[in-house]
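Asks: This is query.tsv, which holds TSV, N, CA and C atoms:
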chain	number	residue	atom	x	y	z
U	14	MET	N	-24.06	-7.90	-27.71
U	14	MET	CA	-24.36	-6.72	-26.93
U	14	MET	C	-24.44	-7.05	-25.44
U	15	LYS	N	-25.02	-8.14	-25.10
U	15	LYS	CA	-25.15	-8.54	-23.70
U	15	LYS	C	-23.78	-8.77	-23.06
U	16	LEU	N	-22.85	-9.39	-23.81
U	16	LEU	CA	-21.52	-9.64	-23.30
U	16	LEU	C	-20.81	-8.34	-22.96
U	17	LYS	N	-20.98	-7.32	-23.76
U	17	LYS	CA	-20.36	-6.03	-23.49
U	17	LYS	C	-20.86	-5.44	-22.18
U	18	LYS	N	-22.15	-5.55	-21.91
U	18	LYS	CA	-22.71	-5.03	-20.67
U	18	LYS	C	-22.15	-5.77	-19.46
U	19	VAL	N	-21.98	-7.06	-19.57
U	19	VAL	CA	-21.42	-7.85	-18.47
U	19	VAL	C	-20.00	-7.38	-18.18
U	20	ASN	N	-19.18	-7.18	-19.22
U	20	ASN	CA	-17.82	-6.71	-19.03
U	20	ASN	C	-17.78	-5.31	-18.43
U	21	GLU	N	-18.66	-4.44	-18.88
U	21	GLU	CA	-18.72	-3.10	-18.33
U	21	GLU	C	-19.11	-3.14	-16.86
U	22	MET	N	-20.05	-3.98	-16.51
U	22	MET	CA	-20.48	-4.09	-15.13
U	22	MET	C	-19.34	-4.61	-14.26
U	23	SER	N	-18.59	-5.57	-14.77
U	23	SER	CA	-17.46	-6.12	-14.04
U	23	SER	C	-16.43	-5.03	-13.73
U	24	GLU	N	-16.12	-4.20	-14.72
U	24	GLU	CA	-15.15	-3.14	-14.51
U	24	GLU	C	-15.68	-2.08	-13.55
U	25	GLU	N	-16.98	-1.84	-13.56
U	25	GLU	CA	-17.56	-0.84	-12.67
U	25	GLU	C	-17.46	-1.25	-11.21
U	26	ASN	N	-17.44	-2.54	-10.93
U	26	ASN	CA	-17.36	-3.02	-9.56
U	26	ASN	C	-15.96	-3.52	-9.20
U	27	SER	N	-15.00	-3.26	-10.05
U	27	SER	CA	-13.63	-3.69	-9.81
U	27	SER	C	-12.77	-2.49	-9.43
U	28	ILE	N	-11.72	-2.79	-8.72
U	28	ILE	CA	-10.74	-1.77	-8.37
U	28	ILE	C	-9.84	-1.55	-9.58
U	29	GLN	N	-9.41	-0.32	-9.76
U	29	GLN	CA	-8.53	0.01	-10.88
U	29	GLN	C	-7.39	0.88	-10.38
U	30	CYS	N	-6.19	0.55	-10.83
U	30	CYS	CA	-5.04	1.40	-10.55
U	30	CYS	C	-5.10	2.59	-11.51
U	31	PRO	N	-4.62	3.76	-11.12
U	31	PRO	CA	-4.59	4.89	-12.06
U	31	PRO	C	-3.83	4.60	-13.35
U	32	CYS	N	-2.98	3.57	-13.36
U	32	CYS	CA	-2.27	3.22	-14.59
U	32	CYS	C	-3.19	2.52	-15.59
U	33	GLY	N	-4.39	2.16	-15.14
U	33	GLY	CA	-5.36	1.53	-16.03
U	33	GLY	C	-5.59	0.05	-15.74
U	34	ARG	N	-4.77	-0.57	-14.93
U	34	ARG	CA	-4.88	-2.00	-14.64
U	34	ARG	C	-6.10	-2.26	-13.76
U	35	ILE	N	-6.99	-3.14	-14.24
U	35	ILE	CA	-8.16	-3.55	-13.47
U	35	ILE	C	-7.73	-4.66	-12.51
U	36	ILE	N	-8.14	-4.56	-11.26
U	36	ILE	CA	-7.80	-5.56	-10.24
U	36	ILE	C	-9.09	-6.13	-9.70
U	37	GLU	N	-9.45	-7.32	-10.16
U	37	GLU	CA	-10.70	-7.94	-9.75
U	37	GLU	C	-10.53	-8.83	-8.53
U	38	ASP	N	-9.32	-9.35	-8.31
U	38	ASP	CA	-9.08	-10.30	-7.24
U	38	ASP	C	-7.88	-9.82	-6.42
U	39	PRO	N	-7.99	-9.79	-5.09
U	39	PRO	CA	-6.87	-9.36	-4.25
U	39	PRO	C	-5.61	-10.22	-4.42
U	40	GLU	N	-5.74	-11.40	-4.97
U	40	GLU	CA	-4.58	-12.26	-5.22
U	40	GLU	C	-3.68	-11.67	-6.31
U	41	GLU	N	-4.19	-10.73	-7.08
U	41	GLU	CA	-3.43	-10.15	-8.19
U	41	GLU	C	-2.34	-9.18	-7.71
U	42	TYR	N	-2.55	-8.55	-6.55
U	42	TYR	CA	-1.55	-7.61	-6.04
U	42	TYR	C	-0.25	-8.36	-5.77
U	43	LYS	N	0.85	-7.67	-5.93
U	43	LYS	CA	2.14	-8.22	-5.56
U	43	LYS	C	2.49	-7.63	-4.19
U	44	VAL	N	3.14	-8.42	-3.36
U	44	VAL	CA	3.59	-7.93	-2.06
U	44	VAL	C	5.10	-8.11	-1.99
U	45	LEU	N	5.76	-7.14	-1.37
U	45	LEU	CA	7.21	-7.17	-1.32
U	45	LEU	C	7.68	-6.76	0.08
U	46	PHE	N	8.45	-7.63	0.69
U	46	PHE	CA	9.02	-7.37	2.01
U	46	PHE	C	10.39	-6.76	1.81
U	47	LEU	N	10.43	-5.44	1.72
U	47	LEU	CA	11.66	-4.73	1.40
U	47	LEU	C	12.16	-3.94	2.61
U	48	LYS	N	11.25	-3.58	3.49
U	48	LYS	CA	11.58	-2.66	4.58
U	48	LYS	C	11.54	-3.38	5.93
U	49	ARG	N	12.46	-4.31	6.13
U	49	ARG	CA	12.52	-5.09	7.37
U	49	ARG	C	12.64	-4.18	8.60
U	50	GLU	N	13.56	-3.23	8.53
U	50	GLU	CA	13.78	-2.36	9.69
U	50	GLU	C	12.55	-1.51	10.02
U	51	LEU	N	11.73	-1.24	9.03
U	51	LEU	CA	10.48	-0.49	9.27
U	51	LEU	C	9.32	-1.42	9.57
U	52	GLN	N	9.55	-2.73	9.43
U	52	GLN	CA	8.52	-3.75	9.63
U	52	GLN	C	7.30	-3.41	8.77
U	53	GLU	N	7.57	-3.33	7.48
U	53	GLU	CA	6.54	-2.93	6.52
U	53	GLU	C	6.64	-3.77	5.25
U	54	ILE	N	5.49	-4.11	4.72
U	54	ILE	CA	5.38	-4.85	3.47
U	54	ILE	C	4.69	-3.94	2.46
U	55	ASP	N	5.26	-3.81	1.28
U	55	ASP	CA	4.67	-2.97	0.24
U	55	ASP	C	3.64	-3.77	-0.55
U	56	ILE	N	2.53	-3.12	-0.87
U	56	ILE	CA	1.52	-3.69	-1.77
U	56	ILE	C	1.73	-3.01	-3.12
U	57	LEU	N	2.02	-3.82	-4.14
U	57	LEU	CA	2.36	-3.29	-5.45
U	57	LEU	C	1.27	-3.57	-6.48
U	58	CYS	N	1.19	-2.70	-7.46
U	58	CYS	CA	0.29	-2.90	-8.60
U	58	CYS	C	0.76	-4.13	-9.38
U	59	PRO	N	-0.19	-4.94	-9.86
U	59	PRO	CA	0.20	-6.11	-10.67
U	59	PRO	C	0.79	-5.75	-12.03
U	60	ASN	N	0.65	-4.51	-12.46
U	60	ASN	CA	1.20	-4.06	-13.73
U	60	ASN	C	2.67	-3.68	-13.52
U	61	ASP	N	3.57	-4.45	-14.09
U	61	ASP	CA	5.01	-4.20	-13.92
U	61	ASP	C	5.47	-2.85	-14.44
U	62	SER	N	4.72	-2.25	-15.35
U	62	SER	CA	5.11	-0.95	-15.88
U	62	SER	C	4.28	0.20	-15.30
U	63	CYS	N	3.64	-0.04	-14.17
U	63	CYS	CA	2.83	0.99	-13.49
U	63	CYS	C	3.72	2.14	-13.03
U	64	TYR	N	3.27	3.36	-13.24
U	64	TYR	CA	4.05	4.52	-12.83
U	64	TYR	C	3.92	4.80	-11.33
U	65	LEU	N	2.87	4.32	-10.68
U	65	LEU	CA	2.75	4.47	-9.23
U	65	LEU	C	3.51	3.37	-8.50
U	66	ARG	N	3.38	2.19	-8.99
U	66	ARG	CA	3.98	0.95	-8.47
U	66	ARG	C	3.48	0.60	-7.07
U	67	GLU	N	3.80	1.39	-6.05
U	67	GLU	CA	3.35	1.10	-4.69
U	67	GLU	C	1.95	1.65	-4.48
U	68	LEU	N	1.04	0.76	-4.10
U	68	LEU	CA	-0.34	1.17	-3.89
U	68	LEU	C	-0.71	1.26	-2.41
U	69	GLY	N	0.08	0.62	-1.57
U	69	GLY	CA	-0.21	0.62	-0.15
U	69	GLY	C	0.83	-0.14	0.63
U	70	TYR	N	0.50	-0.43	1.90
U	70	TYR	CA	1.45	-1.11	2.78
U	70	TYR	C	0.71	-1.89	3.86
U	71	ILE	N	1.45	-2.81	4.47
U	71	ILE	CA	1.01	-3.52	5.66
U	71	ILE	C	2.12	-3.38	6.68
U	72	LYS	N	1.80	-2.90	7.87
U	72	LYS	CA	2.79	-2.77	8.94
U	72	LYS	C	2.54	-3.86	9.98
U	73	PHE	N	3.63	-4.31	10.58
U	73	PHE	CA	3.53	-5.35	11.59
U	73	PHE	C	4.57	-5.10	12.68
U	74	GLU	N	4.45	-5.85	13.77
U	74	GLU	CA	5.40	-5.80	14.86
U	74	GLU	C	5.94	-7.21	15.07
U	75	ILE	N	7.11	-7.30	15.66
U	75	ILE	CA	7.65	-8.59	16.04
U	75	ILE	C	7.52	-8.71	17.56
U	76	LYS	N	6.78	-9.72	18.00
U	76	LYS	CA	6.62	-10.00	19.43
U	76	LYS	C	6.91	-11.47	19.65
U	77	ASP	N	7.90	-11.75	20.47
U	77	ASP	CA	8.29	-13.13	20.76
U	77	ASP	C	8.59	-13.91	19.49
U	78	ASN	N	9.36	-13.29	18.60
U	78	ASN	CA	9.74	-13.89	17.31
U	78	ASN	C	8.56	-14.24	16.42
U	79	LYS	N	7.46	-13.52	16.60
U	79	LYS	CA	6.29	-13.71	15.74
U	79	LYS	C	5.86	-12.37	15.18
U	80	ALA	N	5.50	-12.38	13.92
U	80	ALA	CA	5.00	-11.16	13.28
U	80	ALA	C	3.52	-11.00	13.64
U	81	VAL	N	3.17	-9.81	14.08
U	81	VAL	CA	1.80	-9.50	14.47
U	81	VAL	C	1.32	-8.30	13.65
U	82	PHE	N	0.18	-8.47	13.00
U	82	PHE	CA	-0.41	-7.41	12.18
U	82	PHE	C	-0.61	-6.15	13.02
U	83	LYS	N	-0.24	-5.00	12.44
U	83	LYS	CA	-0.41	-3.71	13.11
U	83	LYS	C	-1.43	-2.85	12.38
U	84	GLU	N	-1.19	-2.61	11.07
U	84	GLU	CA	-2.13	-1.82	10.27
U	84	GLU	C	-1.87	-2.04	8.78
U	85	ALA	N	-2.85	-1.72	7.99
U	85	ALA	CA	-2.73	-1.81	6.53
U	85	ALA	C	-3.51	-0.66	5.92
U	86	SER	N	-2.98	-0.15	4.82
U	86	SER	CA	-3.65	0.96	4.16
U	86	SER	C	-3.22	1.06	2.71
U	87	PHE	N	-4.12	1.59	1.90
U	87	PHE	CA	-3.76	1.96	0.54
U	87	PHE	C	-3.45	3.44	0.55
U	88	TYR	N	-2.57	3.88	-0.35
U	88	TYR	CA	-2.18	5.28	-0.43
U	88	TYR	C	-3.29	6.12	-1.06
U	89	PRO	N	-3.36	7.42	-0.69
U	89	PRO	CA	-4.43	8.31	-1.17
U	89	PRO	C	-4.66	8.35	-2.68
U	90	PRO	N	-3.64	8.40	-3.54
U	90	PRO	CA	-3.95	8.47	-4.98
U	90	PRO	C	-4.77	7.27	-5.47
U	91	PHE	N	-4.47	6.08	-4.95
U	91	PHE	CA	-5.17	4.87	-5.32
U	91	PHE	C	-6.61	4.89	-4.80
U	92	VAL	N	-6.78	5.32	-3.55
U	92	VAL	CA	-8.11	5.39	-2.94
U	92	VAL	C	-8.96	6.46	-3.64
U	93	THR	N	-8.38	7.62	-3.86
U	93	THR	CA	-9.11	8.72	-4.50
U	93	THR	C	-9.55	8.35	-5.92
U	94	TRP	N	-8.67	7.70	-6.65
U	94	TRP	CA	-8.99	7.28	-8.02
U	94	TRP	C	-10.22	6.37	-8.01
U	95	ASN	N	-10.24	5.40	-7.12
U	95	ASN	CA	-11.35	4.45	-7.07
U	95	ASN	C	-12.61	5.06	-6.47
U	96	SER	N	-12.46	5.99	-5.54
U	96	SER	CA	-13.63	6.68	-4.99
U	96	SER	C	-14.31	7.51	-6.06
U	97	GLY	N	-13.53	8.13	-6.91
U	97	GLY	CA	-14.09	8.91	-8.02
U	97	GLY	C	-14.81	8.03	-9.04
U	98	ARG	N	-14.32	6.83	-9.25
U	98	ARG	CA	-14.92	5.91	-10.22
U	98	ARG	C	-16.16	5.22	-9.67
U	99	LEU	N	-16.08	4.77	-8.41
U	99	LEU	CA	-17.12	3.90	-7.85
U	99	LEU	C	-18.01	4.57	-6.81
U	100	GLY	N	-17.60	5.71	-6.32
U	100	GLY	CA	-18.26	6.32	-5.17
U	100	GLY	C	-17.50	5.90	-3.93
U	101	SER	N	-17.43	6.78	-2.95
U	101	SER	CA	-16.57	6.52	-1.79
U	101	SER	C	-17.02	5.32	-0.97
U	102	ASP	N	-18.32	5.10	-0.80
U	102	ASP	CA	-18.80	3.97	0.01
U	102	ASP	C	-18.44	2.63	-0.63
U	103	VAL	N	-18.68	2.51	-1.92
U	103	VAL	CA	-18.39	1.26	-2.64
U	103	VAL	C	-16.89	1.01	-2.66
U	104	ALA	N	-16.12	2.04	-3.00
U	104	ALA	CA	-14.66	1.89	-3.07
U	104	ALA	C	-14.09	1.51	-1.71
U	105	GLU	N	-14.55	2.17	-0.66
U	105	GLU	CA	-14.06	1.87	0.69
U	105	GLU	C	-14.33	0.42	1.07
U	106	LYS	N	-15.52	-0.05	0.78
U	106	LYS	CA	-15.89	-1.43	1.09
U	106	LYS	C	-14.99	-2.44	0.35
U	107	ILE	N	-14.82	-2.23	-0.95
U	107	ILE	CA	-14.01	-3.15	-1.75
U	107	ILE	C	-12.54	-3.09	-1.34
U	108	LEU	N	-12.02	-1.89	-1.13
U	108	LEU	CA	-10.61	-1.75	-0.76
U	108	LEU	C	-10.31	-2.37	0.61
U	109	LYS	N	-11.23	-2.23	1.56
U	109	LYS	CA	-11.05	-2.87	2.86
U	109	LYS	C	-11.02	-4.38	2.73
U	110	GLU	N	-11.89	-4.91	1.89
U	110	GLU	CA	-11.92	-6.35	1.66
U	110	GLU	C	-10.62	-6.82	1.00
U	111	HIS	N	-10.11	-6.03	0.07
U	111	HIS	CA	-8.84	-6.37	-0.58
U	111	HIS	C	-7.70	-6.40	0.45
U	112	LEU	N	-7.65	-5.38	1.33
U	112	LEU	CA	-6.60	-5.35	2.35
U	112	LEU	C	-6.67	-6.57	3.27
U	113	LYS	N	-7.89	-6.94	3.67
U	113	LYS	CA	-8.05	-8.13	4.54
U	113	LYS	C	-7.51	-9.37	3.86
U	114	LYS	N	-7.87	-9.56	2.61
U	114	LYS	CA	-7.46	-10.76	1.89
U	114	LYS	C	-5.95	-10.78	1.63
U	115	ILE	N	-5.37	-9.62	1.36
U	115	ILE	CA	-3.92	-9.55	1.16
U	115	ILE	C	-3.22	-9.94	2.46
U	116	ALA	N	-3.67	-9.37	3.58
U	116	ALA	CA	-3.06	-9.67	4.88
U	116	ALA	C	-3.21	-11.15	5.24
U	117	GLN	N	-4.33	-11.75	4.90
U	117	GLN	CA	-4.56	-13.16	5.22
U	117	GLN	C	-3.63	-14.09	4.44
U	118	ARG	N	-3.25	-13.71	3.26
U	118	ARG	CA	-2.43	-14.60	2.45
U	118	ARG	C	-0.93	-14.54	2.79
U	119	LEU	N	-0.53	-13.58	3.62
U	119	LEU	CA	0.87	-13.48	4.01
U	119	LEU	C	1.27	-14.63	4.93
U	120	ASP	N	2.52	-15.01	4.87
U	120	ASP	CA	3.07	-16.05	5.73
U	120	ASP	C	3.61	-15.36	6.99
U	121	TRP	N	2.75	-15.18	7.97
U	121	TRP	CA	3.10	-14.42	9.17
U	121	TRP	C	4.17	-15.12	10.00
U	122	GLU	N	4.15	-16.43	10.02
U	122	GLU	CA	5.16	-17.19	10.75
U	122	GLU	C	6.55	-16.94	10.15
U	123	ARG	N	6.63	-17.00	8.85
U	123	ARG	CA	7.89	-16.77	8.15
U	123	ARG	C	8.39	-15.34	8.35
U	124	LEU	N	7.47	-14.38	8.36
U	124	LEU	CA	7.85	-12.98	8.58
U	124	LEU	C	8.52	-12.79	9.93
U	125	GLY	N	8.04	-13.48	10.93
U	125	GLY	CA	8.60	-13.37	12.28
U	125	GLY	C	10.00	-13.95	12.37
U	126	GLN	N	10.35	-14.82	11.45
U	126	GLN	CA	11.65	-15.49	11.48
U	126	GLN	C	12.69	-14.83	10.60
U	127	GLN	N	12.32	-13.84	9.81
U	127	GLN	CA	13.25	-13.21	8.86
U	127	GLN	C	14.35	-12.47	9.61
U	128	LYS	N	15.57	-12.66	9.17
U	128	LYS	CA	16.71	-11.97	9.78
U	128	LYS	C	17.39	-11.02	8.80
U	129	ALA	N	17.40	-11.39	7.52
U	129	ALA	CA	18.08	-10.56	6.51
U	129	ALA	C	17.20	-9.40	6.10
U	130	SER	N	17.82	-8.35	5.58
U	130	SER	CA	17.06	-7.19	5.14
U	130	SER	C	16.89	-7.16	3.62
U	131	ALA	N	17.17	-8.26	2.96
U	131	ALA	CA	17.03	-8.32	1.50
U	131	ALA	C	15.57	-8.34	1.11
U	132	ALA	N	15.26	-7.84	-0.07
U	132	ALA	CA	13.89	-7.86	-0.57
U	132	ALA	C	13.47	-9.29	-0.83
U	133	GLN	N	12.31	-9.67	-0.30
U	133	GLN	CA	11.81	-11.03	-0.48
U	133	GLN	C	10.30	-10.99	-0.67
U	134	PRO	N	9.79	-11.82	-1.57
U	134	PRO	CA	8.34	-11.93	-1.68
U	134	PRO	C	7.79	-12.70	-0.49
U	135	VAL	N	6.62	-12.32	-0.02
U	135	VAL	CA	5.99	-13.02	1.10
U	135	VAL	C	4.65	-13.50	0.65
Go through the file and emit its structure as structure tokens.
Replies:
Amino acid sequence: MKLKKVNEMSEENSIQCPCGRIIEDPEEYKVLFLKRELQEIDILCPNDSCYLRELGYIKFEIKDNKAVFKEASFYPPFVTWNSGRLGSDVAEKILKEHLKKIAQRLDWERLGQQKASAAQPV
């Protein structure tokens, strides 16, 4: 019985995609550099069969052949889903932390050097 409560508590404080996938660690998100001309990186659900697939984005600029962070955001359906589950203050705090960690793990130097417009993981 105690183990069940621990698991329930874990899910209550975790982010969840509307497809049902629990995301406990920001390392679980997939990122895809598909939109070079828009200077945007897609944040994808770790569930390959997710019906939403794209959960957010990171935008950047190129200055002196270096990628510079511009903004990051999760899309409203993902935010609303988690706000309804966790409350808006808790969800906002966790989602902001997830965005920070996703942005930190990107290879910003490599992004600044990309020339092709092919989809590439970063």
Asks: Provide the atom C of Ile35 of chain U to atom N of Phe73 of chain U distance in Å, to one decimal place.
Replies: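 Atom N of Phe73 of chain U lies 25.7 Å from atom C of Ile35 of chain U.
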Asks: Rounded to one decimal place, report the atom N of Pro90 of chain U-atom C of Tyr64 of chain U distance in Å.
Replies: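 Interatomic distance here is 11.4 Å.
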Asks: Ranking U:Leu124, U:Leu65, U:Ile54, U:Cys32 by minimum distance to Glu84 of chain U and counting only C-alpha atoms, which one comes first?
Replies: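 For Glu84 of chain U, the nearest of the candidates is U:Ile54.
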Asks: Tell me which protein, DNA and RNA residues are within 6.5 Å of Pro39 of chain U, counting all atoms listed in the file, leaving out same-chain ones fewer than 3 positions away, and put them as a VMD selection string.
Replies: chain U and resid 36 42 111 114 to 115
Asks: In Å, how far is it from atom CA of Glu67 of chain U to atom CA of Val103 of chain U?
Replies: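 Between these atoms lies a distance of 21.8 Å.
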Asks: Identify which of the residues U:Arg118, U:Ile107, U:Glu53, U:Leu112 lies closest to Ser86 of chain U, counting only C-alpha atoms when measuring atom-to-atom distances.
Replies: U:Leu112
Asks: Counting only C-alpha atoms, write as a list of chain:residue names all protein and nucleic acid residues lying at most 12 Å from (5.4, -3.2, -9.6) in the file's frame.
Replies: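 Residues lying no farther than 12 Å from the given point: U:Cys30, U:Cys32, U:Arg34, U:Glu41, U:Tyr42, U:Lys43, U:Val44, U:Leu45, U:Asp55, U:Ile56, U:Leu57, U:Cys58, U:Pro59, U:Asn60, U:Asp61, U:Ser62, U:Cys63, U:Tyr64, U:Leu65, U:Arg66, U:Glu67, U:Leu68, U:Gly69.
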Asks: Can those selected residues be exported to a file as a tab-separated table (two decimals), keeping the file's coordinate frame so that it contains N, CA and C atoms?
Replies:
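Done, and the output landed in result-v1.tsv:
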chain	number	residue	atom	x	y	z
U	30	CYS	N	-6.19	0.55	-10.83
U	30	CYS	CA	-5.04	1.40	-10.55
U	30	CYS	C	-5.10	2.59	-11.51
U	32	CYS	N	-2.98	3.57	-13.36
U	32	CYS	CA	-2.27	3.22	-14.59
U	32	CYS	C	-3.19	2.52	-15.59
U	34	ARG	N	-4.77	-0.57	-14.93
U	34	ARG	CA	-4.88	-2.00	-14.64
U	34	ARG	C	-6.10	-2.26	-13.76
U	41	GLU	N	-4.19	-10.73	-7.08
U	41	GLU	CA	-3.43	-10.15	-8.19
U	41	GLU	C	-2.34	-9.18	-7.71
U	42	TYR	N	-2.55	-8.55	-6.55
U	42	TYR	CA	-1.55	-7.61	-6.04
U	42	TYR	C	-0.25	-8.36	-5.77
U	43	LYS	N	0.85	-7.67	-5.93
U	43	LYS	CA	2.14	-8.22	-5.56
U	43	LYS	C	2.49	-7.63	-4.19
U	44	VAL	N	3.14	-8.42	-3.36
U	44	VAL	CA	3.59	-7.93	-2.06
U	44	VAL	C	5.10	-8.11	-1.99
U	45	LEU	N	5.76	-7.14	-1.37
U	45	LEU	CA	7.21	-7.17	-1.32
U	45	LEU	C	7.68	-6.76	0.08
U	55	ASP	N	5.26	-3.81	1.28
U	55	ASP	CA	4.67	-2.97	0.24
U	55	ASP	C	3.64	-3.77	-0.55
U	56	ILE	N	2.53	-3.12	-0.87
U	56	ILE	CA	1.52	-3.69	-1.77
U	56	ILE	C	1.73	-3.01	-3.12
U	57	LEU	N	2.02	-3.82	-4.14
U	57	LEU	CA	2.36	-3.29	-5.45
U	57	LEU	C	1.27	-3.57	-6.48
U	58	CYS	N	1.19	-2.70	-7.46
U	58	CYS	CA	0.29	-2.90	-8.60
U	58	CYS	C	0.76	-4.13	-9.38
U	59	PRO	N	-0.19	-4.94	-9.86
U	59	PRO	CA	0.20	-6.11	-10.67
U	59	PRO	C	0.79	-5.75	-12.03
U	60	ASN	N	0.65	-4.51	-12.46
U	60	ASN	CA	1.20	-4.06	-13.73
U	60	ASN	C	2.67	-3.68	-13.52
U	61	ASP	N	3.57	-4.45	-14.09
U	61	ASP	CA	5.01	-4.20	-13.92
U	61	ASP	C	5.47	-2.85	-14.44
U	62	SER	N	4.72	-2.25	-15.35
U	62	SER	CA	5.11	-0.95	-15.88
U	62	SER	C	4.28	0.20	-15.30
U	63	CYS	N	3.64	-0.04	-14.17
U	63	CYS	CA	2.83	0.99	-13.49
U	63	CYS	C	3.72	2.14	-13.03
U	64	TYR	N	3.27	3.36	-13.24
U	64	TYR	CA	4.05	4.52	-12.83
U	64	TYR	C	3.92	4.80	-11.33
U	65	LEU	N	2.87	4.32	-10.68
U	65	LEU	CA	2.75	4.47	-9.23
U	65	LEU	C	3.51	3.37	-8.50
U	66	ARG	N	3.38	2.19	-8.99
U	66	ARG	CA	3.98	0.95	-8.47
U	66	ARG	C	3.48	0.60	-7.07
U	67	GLU	N	3.80	1.39	-6.05
U	67	GLU	CA	3.35	1.10	-4.69
U	67	GLU	C	1.95	1.65	-4.48
U	68	LEU	N	1.04	0.76	-4.10
U	68	LEU	CA	-0.34	1.17	-3.89
U	68	LEU	C	-0.71	1.26	-2.41
U	69	GLY	N	0.08	0.62	-1.57
U	69	GLY	CA	-0.21	0.62	-0.15
U	69	GLY	C	0.83	-0.14	0.63
Asks: Just the strand (DSSP E or B) stuff from chain U, please, per backbone DSSP, written as a ChimeraX atom specification.
Replies: /U:28-29,35-36,43-48,53-57,67-76,79-87,133-134
Asks: Okay, now the selection with N, CA and C atoms, as a compact mmCIF listing (two decimals), in the frame of the given file?
Replies:
# COMPACT_ATOMS: atom_id res chain seq x y z
N ILE U 28 -11.72 -2.79 -8.72
CA ILE U 28 -10.74 -1.77 -8.37
C ILE U 28 -9.84 -1.55 -9.58
N GLN U 29 -9.41 -0.32 -9.76
CA GLN U 29 -8.53 0.01 -10.88
C GLN U 29 -7.39 0.88 -10.38
N ILE U 35 -6.99 -3.14 -14.24
CA ILE U 35 -8.16 -3.55 -13.47
C ILE U 35 -7.73 -4.66 -12.51
N ILE U 36 -8.14 -4.56 -11.26
CA ILE U 36 -7.80 -5.56 -10.24
C ILE U 36 -9.09 -6.13 -9.70
N LYS U 43 0.85 -7.67 -5.93
CA LYS U 43 2.14 -8.22 -5.56
C LYS U 43 2.49 -7.63 -4.19
N VAL U 44 3.14 -8.42 -3.36
CA VAL U 44 3.59 -7.93 -2.06
C VAL U 44 5.10 -8.11 -1.99
N LEU U 45 5.76 -7.14 -1.37
CA LEU U 45 7.21 -7.17 -1.32
C LEU U 45 7.68 -6.76 0.08
N PHE U 46 8.45 -7.63 0.69
CA PHE U 46 9.02 -7.37 2.01
C PHE U 46 10.39 -6.76 1.81
N LEU U 47 10.43 -5.44 1.72
CA LEU U 47 11.66 -4.73 1.40
C LEU U 47 12.16 -3.94 2.61
N LYS U 48 11.25 -3.58 3.49
CA LYS U 48 11.58 -2.66 4.58
C LYS U 48 11.54 -3.38 5.93
N GLU U 53 7.57 -3.33 7.48
CA GLU U 53 6.54 -2.93 6.52
C GLU U 53 6.64 -3.77 5.25
N ILE U 54 5.49 -4.11 4.72
CA ILE U 54 5.38 -4.85 3.47
C ILE U 54 4.69 -3.94 2.46
N ASP U 55 5.26 -3.81 1.28
CA ASP U 55 4.67 -2.97 0.24
C ASP U 55 3.64 -3.77 -0.55
N ILE U 56 2.53 -3.12 -0.87
CA ILE U 56 1.52 -3.69 -1.77
C ILE U 56 1.73 -3.01 -3.12
N LEU U 57 2.02 -3.82 -4.14
CA LEU U 57 2.36 -3.29 -5.45
C LEU U 57 1.27 -3.57 -6.48
N GLU U 67 3.80 1.39 -6.05
CA GLU U 67 3.35 1.10 -4.69
C GLU U 67 1.95 1.65 -4.48
N LEU U 68 1.04 0.76 -4.10
CA LEU U 68 -0.34 1.17 -3.89
C LEU U 68 -0.71 1.26 -2.41
N GLY U 69 0.08 0.62 -1.57
CA GLY U 69 -0.21 0.62 -0.15
C GLY U 69 0.83 -0.14 0.63
N TYR U 70 0.50 -0.43 1.90
CA TYR U 70 1.45 -1.11 2.78
C TYR U 70 0.71 -1.89 3.86
N ILE U 71 1.45 -2.81 4.47
CA ILE U 71 1.01 -3.52 5.66
C ILE U 71 2.12 -3.38 6.68
N LYS U 72 1.80 -2.90 7.87
CA LYS U 72 2.79 -2.77 8.94
C LYS U 72 2.54 -3.86 9.98
N PHE U 73 3.63 -4.31 10.58
CA PHE U 73 3.53 -5.35 11.59
C PHE U 73 4.57 -5.10 12.68
N GLU U 74 4.45 -5.85 13.77
CA GLU U 74 5.40 -5.80 14.86
C GLU U 74 5.94 -7.21 15.07
N ILE U 75 7.11 -7.30 15.66
CA ILE U 75 7.65 -8.59 16.04
C ILE U 75 7.52 -8.71 17.56
N LYS U 76 6.78 -9.72 18.00
CA LYS U 76 6.62 -10.00 19.43
C LYS U 76 6.91 -11.47 19.65
N LYS U 79 7.46 -13.52 16.60
CA LYS U 79 6.29 -13.71 15.74
C LYS U 79 5.86 -12.37 15.18
N ALA U 80 5.50 -12.38 13.92
CA ALA U 80 5.00 -11.16 13.28
C ALA U 80 3.52 -11.00 13.64
N VAL U 81 3.17 -9.81 14.08
CA VAL U 81 1.80 -9.50 14.47
C VAL U 81 1.32 -8.30 13.65
N PHE U 82 0.18 -8.47 13.00
CA PHE U 82 -0.41 -7.41 12.18
C PHE U 82 -0.61 -6.15 13.02
N LYS U 83 -0.24 -5.00 12.44
CA LYS U 83 -0.41 -3.71 13.11
C LYS U 83 -1.43 -2.85 12.38
N GLU U 84 -1.19 -2.61 11.07
CA GLU U 84 -2.13 -1.82 10.27
C GLU U 84 -1.87 -2.04 8.78
N ALA U 85 -2.85 -1.72 7.99
CA ALA U 85 -2.73 -1.81 6.53
C ALA U 85 -3.51 -0.66 5.92
N SER U 86 -2.98 -0.15 4.82
CA SER U 86 -3.65 0.96 4.16
C SER U 86 -3.22 1.06 2.71
N PHE U 87 -4.12 1.59 1.90
CA PHE U 87 -3.76 1.96 0.54
C PHE U 87 -3.45 3.44 0.55
N GLN U 133 12.31 -9.67 -0.30
CA GLN U 133 11.81 -11.03 -0.48
C GLN U 133 10.30 -10.99 -0.67
N PRO U 134 9.79 -11.82 -1.57
CA PRO U 134 8.34 -11.93 -1.68
C PRO U 134 7.79 -12.70 -0.49
Asks: Counting all atoms listed in the file, which of U:Glu37, U:Pro31, U:Leu99, U:Trp121 gets nearest to Lys79 of chain U?
Replies: U:Trp121
Asks: Taking the backbone alone, and naming residues the way the document does, which bits of segment 44-99 of chain U are alpha helix (DSSP H) by DSSP, as a ChimeraX atom specification?
Replies: /U:89-99
